[in-house]
Amino acid sequence: MTTAKSLDALIEKRSLAKLGGGQAKIDKIHDKGRHTARERIEMLLDEGSFEEFDMFKVHRCTNFGMEKKKFMGDGIVTGSGTIQGRLVYVHAGDFTVFGGSLSETMSEKICKVMDMAVKSGAPVIGLNDSGGARIQEGIESLSGYTNIFYRNVRASGVIPQLSGIFGPCAGGAVYSPALTDFTVMVRDSSYMFLTGPKVVKSVTHEDVDVETLGGASVHTTKSGVAHLAADDGEQGIKYLQDLFSYMPQNNMEKPPVKETDDPSDRVNSALDTLIPDNPNMAYDIKDVIYEVVDDQEFLEIQPDYAGNIVIGFARFGGQSVGIIANQPKVLAGVLDNDSSIKAARFVRCCDCFNIPLVTFVDVPGFMPGTVQEYGGIIRNGAKLMFAYAEATVPKITITTRKSYGGAHCVMSAKQLDGDLNYAWPTAEIAVMGGKGAIEILNARDVKGKEPEEAKAIMAKAEAEYNEAFANPYVAAGRGYVDDVIAPSETRLRIVRGLRALQDKHVSALPKKHGNIPL
């Protein structure tokens with residue numbers, strides 16, 4: 001029979017475990033305007049839904065007097081709960097215990113919830129706040145990290161994995177977030193790097209601080225490692241909740257449907273006059289996206305990285321979709337190394353989790369030059385082509401204006417098993433623009449001619465070329481475009497298309513996996 005004394009002891013131990021490294025360290029975190037691991041979990045999950053595991057687990061290290069320094073939970077809080085009523089597993093680093101540094105027992109706790117998530121077919125979210133491996137444990141800590149990485153890889157494409165970086169994330173700690181589907185950082189309070197400023201200084205003689213080396217601004221604008229940068233911890237949690245809302249529980253399920261009062265047949269007349277008459281003038285593709293999606297809600301991913309392509313989540317008729325769109329406002333929407341990789345990874349992520357793809361095309365081609373060629377534009381452009389060709393989810397493509405050359409092929413062309421390919425009347429689908437084509441095709445016609453005569457010949461030839469090719473009807477005549485539609489009807493046609501394709505099934509060829517050009 002349970003005695004009151006034993007119950008009192010349990011309550012006392014739970015209270016002590018919830019303090020982590022102690023009240024003084026919790027106060028220190030609060031003084032910096034940051035949250036504890038338990039506070040982050042409380043913000044993330046539905047109220048009262050958290051079920052904690054391994055609260056009383058402690059490290060087993062005896063090196064450097066560590067046997068005298070033990071805290072229940074040992075620097076990580078793990079368990080399950082719900083977000084919007086949906087099951088999720090979570091692990092949150094506790095910076096109050098040895099700076100959140102990873103021990104062997106912490107790894108065991110993380111691996112346990114990851115294994116449970118896979119068995120249950122539920123997403124896992126990691127809230128990272130760790131200085132890296134616990135030096136006192138040596139190889140045990142490194143082994144612990146590797147066990148986590150292995151599970152990240154095994155779970156990839158099976159269950160959604162999300163990472164929030166809410167403090168330091170250094171050394172081995174950065175690999176797990178890099179292996180997950182999406183990573184959220186917090187400006188001015190989180191950072192990620194493999195080697196810190198002191199090591200950088202000793203090896204390369206560079207003087208650099210943690211923010212310049214691996215802050216949120218670096219990884220969301222330069223490296224592309226992180227996907228979203230939050231202004232504070234609360235917004236970081238909100239981003240994770242938003243990402244979660246668009247994704248299914250696992251790769252065998254479809255994303256949740258959100259009810260909407262936004263009519264599926266809503267006409268967007270503003271789109272009929274959006275494209276400038278001058279083909280060299282820019283417009284904002286996000287004006288198109290916000291105009292056609294449900295309730296004007298669009299969660300843009302990596303908004304400050306490779307801005308010449310736009311990616312993100314939205315809904316049509318309540319159904320989650322992934323949107324990929326060339327951005328004419330930035331570099332005329334041209335594809336380069338960074339934008340190709342950015343889009344390719346997003347396409348593959350959506351395909352993993354049964355999220356249909358909606359692609360808006362306005363692309364003049366690939367970025368020319370030695371920087372791009374030396375950077376592997378052939379390989380990186382092929383990644384995007386591979387991703388679209390490999391994807392078996394419903395694929396709907398709308399060409400708004402230019403679709404030239406190899407970039408046309410890459411951007412979810414009909415020949416890459418596009419399901420529905422629509423074009424606006426303003427679409428131009430050709431090998432290249434009229435001016436460039438005529439300079440090649442009519443070079444001999446103007447050889448030896450007077451400048452004015454040559455100019456007139458070229459202008460006439462360009463007009464004839466544009467008449468023949470600067471429209472969507474040649475492609476439509478071949479069946480490469482399924483229909484030429486009024487821009488104002490774009491939303492309606494996408495919603496109808498998604499409904500028609502909701503039971504799409506593709507039988508894969510027997511193979512272990514493809515060899516994407518990494």
# chains A, B, ... in the order shown; residues from 1 in each chain; ligands from 1

call {"tool": "residues_around", "arguments": {"residues": "stretch 34-48 of chain A", "least_positions_apart": "5", "cutoff": "9 Å", "atoms": "only C-alpha atoms", "output": "JSON, numbers by chain"}}
result
{"A": [18, 26, 29, 76, 77, 80, 81, 82, 83, 84, 85, 88, 90, 91, 92, 93, 94, 95, 96, 127, 128, 129, 166, 167, 189, 232, 233, 234, 237, 238, 240, 241]}

call {"tool": "write_last_selection", "arguments": {"atoms": "N, CA and C atoms", "output": "JSON list (two decimals), in the first residue's frame"}}
result
[["chain", "number", "residue", "atom", "x", "y", "z"],
["A", 18, "LYS", "N", 12.15, 19.25, -11.81],
["A", 18, "LYS", "CA", 11.67, 20.36, -12.65],
["A", 18, "LYS", "C", 12.52, 21.61, -12.52],
["A", 26, "ILE", "N", 18.00, 29.16, -13.42],
["A", 26, "ILE", "CA", 16.76, 29.52, -14.10],
["A", 26, "ILE", "C", 16.59, 31.03, -14.11],
["A", 29, "ILE", "N", 18.74, 32.65, -16.71],
["A", 29, "ILE", "CA", 18.17, 32.54, -18.06],
["A", 29, "ILE", "C", 17.07, 33.58, -18.26],
["A", 76, "ILE", "N", 18.08, 17.34, -20.35],
["A", 76, "ILE", "CA", 17.16, 17.23, -21.48],
["A", 76, "ILE", "C", 15.78, 16.84, -20.93],
["A", 77, "VAL", "N", 14.75, 17.47, -21.44],
["A", 77, "VAL", "CA", 13.37, 17.16, -21.06],
["A", 77, "VAL", "C", 12.72, 16.50, -22.27],
["A", 80, "SER", "N", 5.93, 13.33, -24.75],
["A", 80, "SER", "CA", 4.97, 13.48, -25.83],
["A", 80, "SER", "C", 3.86, 14.42, -25.39],
["A", 81, "GLY", "N", 3.11, 14.88, -26.37],
["A", 81, "GLY", "CA", 1.97, 15.76, -26.09],
["A", 81, "GLY", "C", 1.19, 15.96, -27.37],
["A", 82, "THR", "N", 0.39, 16.98, -27.41],
["A", 82, "THR", "CA", -0.37, 17.27, -28.62],
["A", 82, "THR", "C", -0.25, 18.74, -29.00],
["A", 83, "ILE", "N", -0.35, 18.98, -30.29],
["A", 83, "ILE", "CA", -0.46, 20.34, -30.84],
["A", 83, "ILE", "C", -1.71, 20.34, -31.70],
["A", 84, "GLN", "N", -2.66, 21.19, -31.33],
["A", 84, "GLN", "CA", -3.95, 21.23, -32.03],
["A", 84, "GLN", "C", -4.58, 19.83, -32.04],
["A", 85, "GLY", "N", -4.38, 19.11, -30.94],
["A", 85, "GLY", "CA", -4.98, 17.80, -30.78],
["A", 85, "GLY", "C", -4.24, 16.66, -31.45],
["A", 88, "VAL", "N", 2.50, 14.48, -30.86],
["A", 88, "VAL", "CA", 3.85, 14.87, -31.26],
["A", 88, "VAL", "C", 4.80, 14.48, -30.13],
["A", 90, "VAL", "N", 8.60, 15.23, -28.32],
["A", 90, "VAL", "CA", 9.41, 16.44, -28.17],
["A", 90, "VAL", "C", 10.60, 16.19, -27.25],
["A", 91, "HIS", "N", 11.71, 16.82, -27.56],
["A", 91, "HIS", "CA", 12.86, 16.86, -26.63],
["A", 91, "HIS", "C", 13.38, 18.29, -26.59],
["A", 92, "ALA", "N", 13.69, 18.77, -25.38],
["A", 92, "ALA", "CA", 14.10, 20.16, -25.19],
["A", 92, "ALA", "C", 15.34, 20.23, -24.32],
["A", 93, "GLY", "N", 16.39, 20.84, -24.85],
["A", 93, "GLY", "CA", 17.63, 20.98, -24.11],
["A", 93, "GLY", "C", 17.50, 21.92, -22.93],
["A", 94, "ASP", "N", 18.04, 21.51, -21.79],
["A", 94, "ASP", "CA", 17.98, 22.31, -20.56],
["A", 94, "ASP", "C", 19.35, 22.93, -20.31],
["A", 95, "PHE", "N", 19.46, 24.21, -20.61],
["A", 95, "PHE", "CA", 20.75, 24.89, -20.51],
["A", 95, "PHE", "C", 21.21, 25.06, -19.07],
["A", 96, "THR", "N", 20.31, 24.87, -18.10],
["A", 96, "THR", "CA", 20.70, 25.03, -16.69],
["A", 96, "THR", "C", 21.56, 23.87, -16.20],
["A", 127, "LEU", "N", 13.82, 21.04, -29.45],
["A", 127, "LEU", "CA", 14.04, 22.43, -29.03],
["A", 127, "LEU", "C", 15.47, 22.49, -28.48],
["A", 128, "ASN", "N", 16.39, 22.97, -29.31],
["A", 128, "ASN", "CA", 17.81, 22.85, -29.02],
["A", 128, "ASN", "C", 18.37, 24.05, -28.27],
["A", 129, "ASP", "N", 19.18, 23.75, -27.27],
["A", 129, "ASP", "CA", 19.85, 24.79, -26.47],
["A", 129, "ASP", "C", 21.06, 24.11, -25.84],
["A", 166, "PHE", "N", 17.18, 27.64, -29.91],
["A", 166, "PHE", "CA", 16.81, 28.71, -28.99],
["A", 166, "PHE", "C", 17.98, 29.22, -28.16],
["A", 167, "GLY", "N", 19.16, 28.74, -28.45],
["A", 167, "GLY", "CA", 20.37, 29.17, -27.75],
["A", 167, "GLY", "C", 21.57, 28.70, -28.53],
["A", 189, "SER", "N", 19.89, 35.55, -30.25],
["A", 189, "SER", "CA", 20.02, 34.70, -29.06],
["A", 189, "SER", "C", 20.33, 33.25, -29.39],
["A", 232, "ASP", "N", 11.86, 36.47, -31.42],
["A", 232, "ASP", "CA", 12.01, 36.05, -30.02],
["A", 232, "ASP", "C", 11.56, 34.60, -29.88],
["A", 233, "GLY", "N", 11.69, 34.08, -28.66],
["A", 233, "GLY", "CA", 11.35, 32.68, -28.43],
["A", 233, "GLY", "C", 9.90, 32.36, -28.71],
["A", 234, "GLU", "N", 9.00, 33.27, -28.35],
["A", 234, "GLU", "CA", 7.57, 33.02, -28.59],
["A", 234, "GLU", "C", 7.27, 32.88, -30.07],
["A", 237, "ILE", "N", 8.49, 29.49, -31.38],
["A", 237, "ILE", "CA", 7.54, 28.42, -31.08],
["A", 237, "ILE", "C", 6.36, 28.48, -32.04],
["A", 238, "LYS", "N", 5.89, 29.69, -32.33],
["A", 238, "LYS", "CA", 4.74, 29.85, -33.24],
["A", 238, "LYS", "C", 5.10, 29.35, -34.64],
["A", 240, "LEU", "N", 7.17, 26.95, -35.37],
["A", 240, "LEU", "CA", 7.16, 25.50, -35.31],
["A", 240, "LEU", "C", 5.73, 24.96, -35.35],
["A", 241, "GLN", "N", 4.83, 25.62, -34.64],
["A", 241, "GLN", "CA", 3.41, 25.21, -34.66],
["A", 241, "GLN", "C", 2.82, 25.38, -36.06]]

call {"tool": "residues_around", "arguments": {"residues": "stretch 499-512 of chain A", "least_positions_apart": "5", "cutoff": "12 Å", "atoms": "only C-alpha atoms", "output": "VMD selection string"}}
result
chain A and resid 254 to 255 264 316 to 321 354 to 357 389 to 396 417 to 420 492 to 494

call {"tool": "closest_residue", "arguments": {"among": "A:Leu518, A:Val363, A:Met106, A:Ala216", "to": "A:Lys402", "atoms": "only C-alpha atoms"}}
result
A:Val363

call {"tool": "residues_around", "arguments": {"residues": "A:Cys61", "least_positions_apart": "5", "cutoff": "7 Å", "atoms": "only C-alpha atoms", "output": "PyMOL selection string"}}
result
chain A and resi 66-67+137

call {"tool": "write_last_selection", "arguments": {"atoms": "C-alpha atoms", "output": "PDB file, in the first residue's frame"}}
result
ATOM      1  CA  MET A  66      31.276  14.366 -12.230  1.00  0.00           C
ATOM      2  CA  GLU A  67      29.858  11.703  -9.878  1.00  0.00           C
ATOM      3  CA  GLU A 137      32.434  12.008 -21.168  1.00  0.00           C
TER       4      GLU A 137
END

call {"tool": "select_by_dssp", "arguments": {"residues": "stretch 219-364 of chain A", "states": "strand (DSSP E)", "output": "PyMOL selection string"}}
result
chain A and resi 228-230+299-301+309-316+319-326+357-363

call {"tool": "atom_distance", "arguments": {"atom1": "atom CA of A:Ala17", "atom2": "atom CA of A:Phe56"}}
result
6.9 Å

call {"tool": "select_by_dssp", "arguments": {"residues": "stretch 22-245 of chain A", "states": "alpha helix (DSSP H)", "output": "PyMOL selection string"}}
result
chain A and resi 23-31+37-44+104-120+139-155+175-179+197-204+210-214+216-221+233-245

call {"tool": "residues_around", "arguments": {"residues": "A:Thr399", "least_positions_apart": "3", "cutoff": "9 Å", "atoms": "only C-alpha atoms", "output": "number ranges by chain"}}
result
A: 359-362, 402-403, 421-424, 426-429, 472

call {"tool": "write_last_selection", "arguments": {"atoms": "C-alpha atoms", "output": "mmCIF file, in the first residue's frame"}}
result
data_model
loop_
_atom_site.group_PDB
_atom_site.id
_atom_site.type_symbol
_atom_site.label_atom_id
_atom_site.label_comp_id
_atom_site.auth_asym_id
_atom_site.auth_seq_id
_atom_site.Cartn_x
_atom_site.Cartn_y
_atom_site.Cartn_z
ATOM 1 C CA THR A 359 4.470 25.848 -59.203
ATOM 2 C CA PHE A 360 4.328 29.372 -60.655
ATOM 3 C CA VAL A 361 6.753 29.819 -63.540
ATOM 4 C CA ASP A 362 8.319 33.032 -64.787
ATOM 5 C CA LYS A 402 8.567 33.639 -69.391
ATOM 6 C CA SER A 403 9.564 29.984 -69.496
ATOM 7 C CA ASN A 421 0.103 22.482 -66.681
ATOM 8 C CA TYR A 422 -1.717 25.757 -67.230
ATOM 9 C CA ALA A 423 -0.547 28.981 -68.835
ATOM 10 C CA TRP A 424 -1.763 32.537 -68.701
ATOM 11 C CA THR A 426 0.903 36.299 -71.252
ATOM 12 C CA ALA A 427 3.065 33.157 -71.165
ATOM 13 C CA GLU A 428 6.106 32.903 -73.431
ATOM 14 C CA ILE A 429 7.373 29.325 -73.773
ATOM 15 C CA PRO A 472 1.437 29.828 -74.918
#

call {"tool": "atom_distance", "arguments": {"atom1": "atom CA of A:Asp207", "atom2": "atom CA of A:Tyr145"}}
result
28.9 Å

call {"tool": "residues_around", "arguments": {"residues": "A:Phe149", "least_positions_apart": "4", "cutoff": "8 Å", "atoms": "only C-alpha atoms", "output": "list in words"}}
result
Tyr145, Val153, Tyr175, Ser176 and Leu179 of chain A

call {"tool": "write_last_selection", "arguments": {"atoms": "N, CA and C atoms", "output": "mmCIF file, in the first residue's frame"}}
result
data_model
loop_
_atom_site.group_PDB
_atom_site.id
_atom_site.type_symbol
_atom_site.label_atom_id
_atom_site.label_comp_id
_atom_site.auth_asym_id
_atom_site.auth_seq_id
_atom_site.Cartn_x
_atom_site.Cartn_y
_atom_site.Cartn_z
ATOM 1 N N TYR A 145 25.782 11.273 -29.753
ATOM 2 C CA TYR A 145 25.401 12.112 -30.892
ATOM 3 C C TYR A 145 25.160 11.271 -32.144
ATOM 4 N N VAL A 153 18.359 10.149 -39.681
ATOM 5 C CA VAL A 153 18.408 9.673 -41.063
ATOM 6 C C VAL A 153 17.357 8.597 -41.299
ATOM 7 N N TYR A 175 24.457 18.962 -36.197
ATOM 8 C CA TYR A 175 24.156 17.992 -37.254
ATOM 9 C C TYR A 175 22.726 17.490 -37.196
ATOM 10 N N SER A 176 22.214 17.271 -35.987
ATOM 11 C CA SER A 176 20.839 16.781 -35.891
ATOM 12 C C SER A 176 19.844 17.763 -36.500
ATOM 13 N N LEU A 179 19.839 17.656 -40.222
ATOM 14 C CA LEU A 179 19.259 16.453 -40.810
ATOM 15 C C LEU A 179 17.735 16.454 -40.760
#

call {"tool": "closest_residue", "arguments": {"among": "A:Phe298, A:Tyr239, A:Phe353, A:Phe71", "to": "A:Asn251", "atoms": "only C-alpha atoms"}}
result
A:Phe353

call {"tool": "closest_residue", "arguments": {"among": "A:Ala456, A:Lys119, A:Lys70, A:Val186", "to": "A:Asp231", "atoms": "only C-alpha atoms"}}
result
A:Val186

call {"tool": "residues_around", "arguments": {"residues": "A:Arg348", "least_positions_apart": "2", "cutoff": "9 Å", "atoms": "only C-alpha atoms", "output": "list in words"}}
result
Ala343, Ala344, Arg345, Phe346, Cys350, Asp351, Cys352, Phe353, Ala387, Tyr388, Glu390 and Ala391 of chain A

call {"tool": "atom_distance", "arguments": {"atom1": "atom CA of A:Asn147", "atom2": "atom CA of A:Gly236"}}
result
26.7 Å

call {"tool": "closest_residue", "arguments": {"among": "A:Ala178, A:Val97, A:Ile457, A:Val210", "to": "A:Gln23", "atoms": "only C-alpha atoms"}}
result
A:Val97
